[in-house]
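To start, the structure itself, in C-alpha cells.
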There are 2 protein chains.
Amino acid sequence: MFNLISLKNGLENVDGFFFGGVSTGLKPNGDNDLGFIRADEPFMLSAKFTSNKFQAAPIVHFKRYEKGFKSNFLLLNSKNANAMTGQRGVDDIDELFKILNQKTPLINPIMSSTGVIGYRLNQEKIRSGFDKFDLNQKSSDSVARAIMTTDSFKKEIAFRVELENGKSFNIAAICKGAGMINPAFATMLCFILTDAAIPQSDMDELLKETTKYSFDAVSVDGDTSTNDTLMLLSSGKSGVYDKEAFKFALDKITLEMALNLVKDGEGSTKVVAFEVKGAASDDEASKAAKALSNSLLVKTAIFGEDPNWGRIASTIGASGIECDSTKLAIYYDDVLVYDKDHPELDEAREQKAHTVMKKDSYRIICDLGIANGKFTAYGCDLGHTYVKINADYRS
Amino acid sequence: MFNLISLKNGLENVDGFFFGGVSTGLKPNGDNDLGFIRADEPFMLSAKFTSNKFQAAPIVHFKRYEKGFKSNFLLLNSKNANAMTGQRGVDDIDELFKILNQKTPLINPIMSSTGVIGYRLNQEKIRSGFDKFDLNQKSSDSVARAIMTTDSFKKEIAFRVELENGKSFNIAAICKGAGMINPAFATMLCFILTDAAIPQSDMDELLKETTKYSFDAVSVDGDTSTNDTLMLLSSGKSGVYDKEAFKFALDKITLEMALNLVKDGEGSTKVVAFEVKGAASDDEASKAAKALSNSLLVKTAIFGEDPNWGRIASTIGASGIECDSTKLAIYYDDVLVYDKDHPELDEAREQKAHTVMKKDSYRIICDLGIANGKFTAYGCDLGHTYVKINADYRS
C-alpha cells in the first residue's frame, strides 16, 4: 500500500537537482528559450527517443555515450530543433559544452532541442544564455517555460509517494507538446525527475512500459517529429524506493502529461477519449482507437459538435481490423447512437448526443462485440486554429 | 500504334448505353440526385469496391450476383450512402428494383450510392424519380450531376481510341469525389463506359491494375469511405478492341479522374505531386510519397506557401522507410531546398521555392539517394475551407 500525494509546483519537489531557464533572444518576444537541469553528483538516467529515422543532432549526440552512463548536466532549448543539420549539428553541441565546461565542470553533458528543423543553433545567443544561468537555482517555472513552443500553457506535475513504512520519495515532470503529437511515441519533450533510489534496470523497464497507454495513445495530428524525447532522471537522494508505487506514480504522470498535450494540441478545443472494446485483441482495439483519434473527418465532426456516427463507423471499417456491423455499438458517453437495432439516430437520441459533444471532454465508446480486446486512445478536434497556426509562415 | 483523341462531353460518346439524371428532392436545393445508366442488351461489367470492412448496402447487394454476371441497369443516387443500414438497406434496394421492374424489364440490376452514412433510403422520393426518368435519354451531364456531393465541378471525360487499321472504339467516364479521398483505393464513385469489344478477363485484369498509379495514389484527407466504387461497363458495340490501346486509354482516364478528385478535394486550392525516387524499392517510395500526401503539417505548409522543407524531411523520416539525411535531396519543382551540402535555406533559394509554392500545381521531389525505387502520389493542401465543410453539421 502507498499514497500518492499531488504537490504544488513542479521539479522543486525533487531533491538533488538544480534547474532554471533564461531568455537569449532565440524567441524574439523575450520569453525563456534556454534552460538547464543539473546536479552536483551525476544523476542516473533513462531515455526514450522519437521513432523518426531522421533523429535530431541532440539525440545523435546522446547516443554516443555508453549505455547506463551518468550525467550531471542537461541543456535545453526551444525555437530550433537542431535537426537535419548533419555532423555540424553534433559538433555545435560539443562546441557549446566546451564553453559551458569553463563555467561549471561537466560530466557527460546532454542536450534536448525543439523548434524549427533545418537550421544550425545560434551559438552566440546560446553562449550569452550561459552567462545568465543561475546554476544554484531551483526554478521549475523558468525551465518549463524555456522548452515551450506553441504550447499555450506550461506543463508541470509533481507527486510525493508515501509508503506504508512512513518513508517517501518524490517524482515530478515538465513537458512540452502542442503540434506533431502522434501515436507511435508522441512528439514532445518530457523530463521526469525523481529522488527515488530506483535501480537503472527498473528505470529502463518502467520508462519503456509507461508510454504504451500514455504518450503512445495520444494524437494531435498524426505527425512524428525528429526530436521527441522522454527522459527519466534520478538523483536517488531520498534513499527510498518501491517498484509498484513508483510504477503507479510514473504511469500517472505520463498519462496526465499526455492528456495535457492533447488538451493543448494546436487549435484543440476538446479532448476525446476513444474507447474501443470488444475487439478481437488489444492490438486490434489499439489500431481502431488510434485510427479514430487520427481521422480528419472524425476530428472535424468533433469540432462541429455533430453526432455524425457514420464517420466513426466508417473509420473503424477502414482501419483494417475485424469488425461486423451487426455486432457494433457506438456510444457518446452513455448515449447509444448506433447498434443494429437502432441504426438511425432519432431526434431524441441525436439531441442527447449533441449535448454530450458540447462538453470540453467526453468519451466515444465503440463496442465491437467480438471478443475482449480493448484500448483507449486520446485525441482532439481539428478546427480553424490548427490551420492558422500551421499555415503561418515557418511557425 | 494507336491514337487517343480527346472528345467533348462525356458518356454520349460511347455506343450502346442510355443514361440520365433527375431531381427527387433528396438534395433540398433541387439539384439532380438520382441517375441511371442502362442498356437494351445486358452489358459486361467489372467492379472494384472500397477496402472498408463496412461495405455499404449497394455493394453487399452487388456481391450477391455470380462473378461475370451481366446487367442492364445501374441505378445511382447521392445524398444517402445506404451504409450501416444492415439487411434492411439491401432489402430496400430489392424493393426499389421491384417497382422499377414494372416500368422497364430489369436484368441483374445494380445500384451505387453516396452521401451520409446511417440512414435508410427515402423510398418515396426515389420512386418519384423513377416516374421522371427518360429511359431513352443520353444525358451524361444530368447523370454526372446526380452523383455529385460536395464536388464543386462535374467530372466527365471521353476518348476515342483509333487503331492503325482505321477502326476505333470509345471510352468515357463520370466520377465524383470531394472528401474522404485516400490511398488504398480512393473514396469515390467512378463509372467508365466503353463500346470496345473487350473480353471479361481483360476488364477484370486492367481495372485491377489501373488504380495503382491513379486512385490508389491520391489523397485528400486519408479517410476511406464505405461506398467507394470503380466500375467498368462494356457494351462491346464497336466490335473493336486492342488491349494495349485500351489499357493506355483506361490508365489515362483513371489518372485524370484521380487528379480531378484531388483538385476538387474539399477546400483544396493546390494539387501537389509528391515524387519520391532513389528509394530502396517502389514500395518504400510509395510509403513515403503517401505519407507526405497525408501529413497535416505538410498540407498546411502547402496551404501557407511556406517552403518549410523540415516538415517534408520529418515526414519521410517518420514513414518507416530506409532513409539517410546525408543522401537525401529535396526539390520544389527544380529548386533545391535541401541536401547535405545545402542544409540551410538561404534567402535566394527560399524566395525561389516560395515562388514555386504560389503556383496552383507543382512537384515536391524527394530523392532518397539509396536505390531506384520510385512512386508519385498526389495530394492537396488543407485550409480553412476543409474545416468549414467538414465541421458543418452533417455535411
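Letters for chains follow the order of the C-alpha cells (A, B, ...), residue numbers begin at 1 for each chain, and ligand numbers begin at 1 in the order shown.
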- [ ] Can you check which residues of region 71-303 of chain A DSSP gives as helix (DSSP H, G or I) on the backbone and send them as a PyMOL selection string?
- [x] chain A and resi 86-101+123-132+140-146+200-210+215-217+243-263+282-294+296-303
- [ ] Excluding Ala158 (chain B) and residues on its chain fewer than 6 positions from it, collect all residues at most 12 Å away from it, counting only C-alpha atoms, and give them as a ChimeraX atom specification.
- [x] /B:4-14,140,169-175,191-195,249-250,252-254,256-257
Which residues are close to region 119-134 of chain B, i.e. within 6 Å by only C-alpha atoms, leaving aside same-chain residues fewer than 3 positions away? Reply as a short mmCIF file (atom, residue, chain, number, x, y, z; two decimals) with C-alpha atoms, in the first residue's frame.
```cif
data_model
loop_
_atom_site.label_atom_id
_atom_site.label_comp_id
_atom_site.auth_asym_id
_atom_site.auth_seq_id
_atom_site.Cartn_x
_atom_site.Cartn_y
_atom_site.Cartn_z
CA GLU A 344 -30.88 5.54 -37.33
CA THR B 24 -36.21 13.80 -56.47
CA ASN B 82 -27.25 3.50 -47.66
CA GLN B 137 -32.09 9.69 -72.84
#
```
- [ ] Run DSSP on the backbone and give me the residues of region 351-392 of chain A it puts in strand (DSSP E), as a PyMOL selection string.
- [x] chain A and resi 361-367+373-380
Selection from above, C-alpha atoms, as a PDB file, in the first residue's frame, can you write it?
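See again26.pdb below for the written result:
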```pdb
ATOM      1  CA  SER A 361     -14.172  16.406 -22.787  1.00  0.00           C
ATOM      2  CA  TYR A 362     -16.108  13.186 -23.354  1.00  0.00           C
ATOM      3  CA  ARG A 363     -15.798   9.567 -24.438  1.00  0.00           C
ATOM      4  CA  ILE A 364     -16.664   7.940 -27.736  1.00  0.00           C
ATOM      5  CA  ILE A 365     -17.127   4.260 -26.969  1.00  0.00           C
ATOM      6  CA  CYS A 366     -17.110   1.622 -29.694  1.00  0.00           C
ATOM      7  CA  ASP A 367     -18.029  -1.883 -28.612  1.00  0.00           C
ATOM      8  CA  GLY A 373      -9.667  -6.646 -26.680  1.00  0.00           C
ATOM      9  CA  LYS A 374      -9.653  -3.043 -25.506  1.00  0.00           C
ATOM     10  CA  PHE A 375      -7.660   0.157 -25.826  1.00  0.00           C
ATOM     11  CA  THR A 376      -8.273   3.841 -25.187  1.00  0.00           C
ATOM     12  CA  ALA A 377      -6.661   6.484 -27.382  1.00  0.00           C
ATOM     13  CA  TYR A 378      -6.948  10.204 -26.776  1.00  0.00           C
ATOM     14  CA  GLY A 379      -7.413  12.837 -29.425  1.00  0.00           C
ATOM     15  CA  CYS A 380      -8.688  16.319 -30.008  1.00  0.00           C
TER      16      CYS A 380
END
```
TODO: Skip Val356 (chain A) itself and residues of its chain fewer than 5 positions away, then list as a ChimeraX atom specification all residues within 12 Å of it, counting only C-alpha atoms.
DONE: /A:270,272,302,305-307,331-337,349-351,361-364
Open item on the list: Measuring between only C-alpha atoms, which one of B:Met188, B:Met111, B:Leu75, B:Leu297 shows the shortest distance to chain A?
Closed with: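 Nearest candidate to chain A out of B:Met188, B:Met111, B:Leu75, B:Leu297: B:Leu297.
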Open item on the list: Env of region 39-45 of chain A: 8 Å cut, atoms = only C-alpha atoms, seq-sep filter 6 positions within chain, self excluded. Answer as an MDAnalysis selection string.
Closed with: chainID A and resid 16:18 68:73 107 200 203 231:236
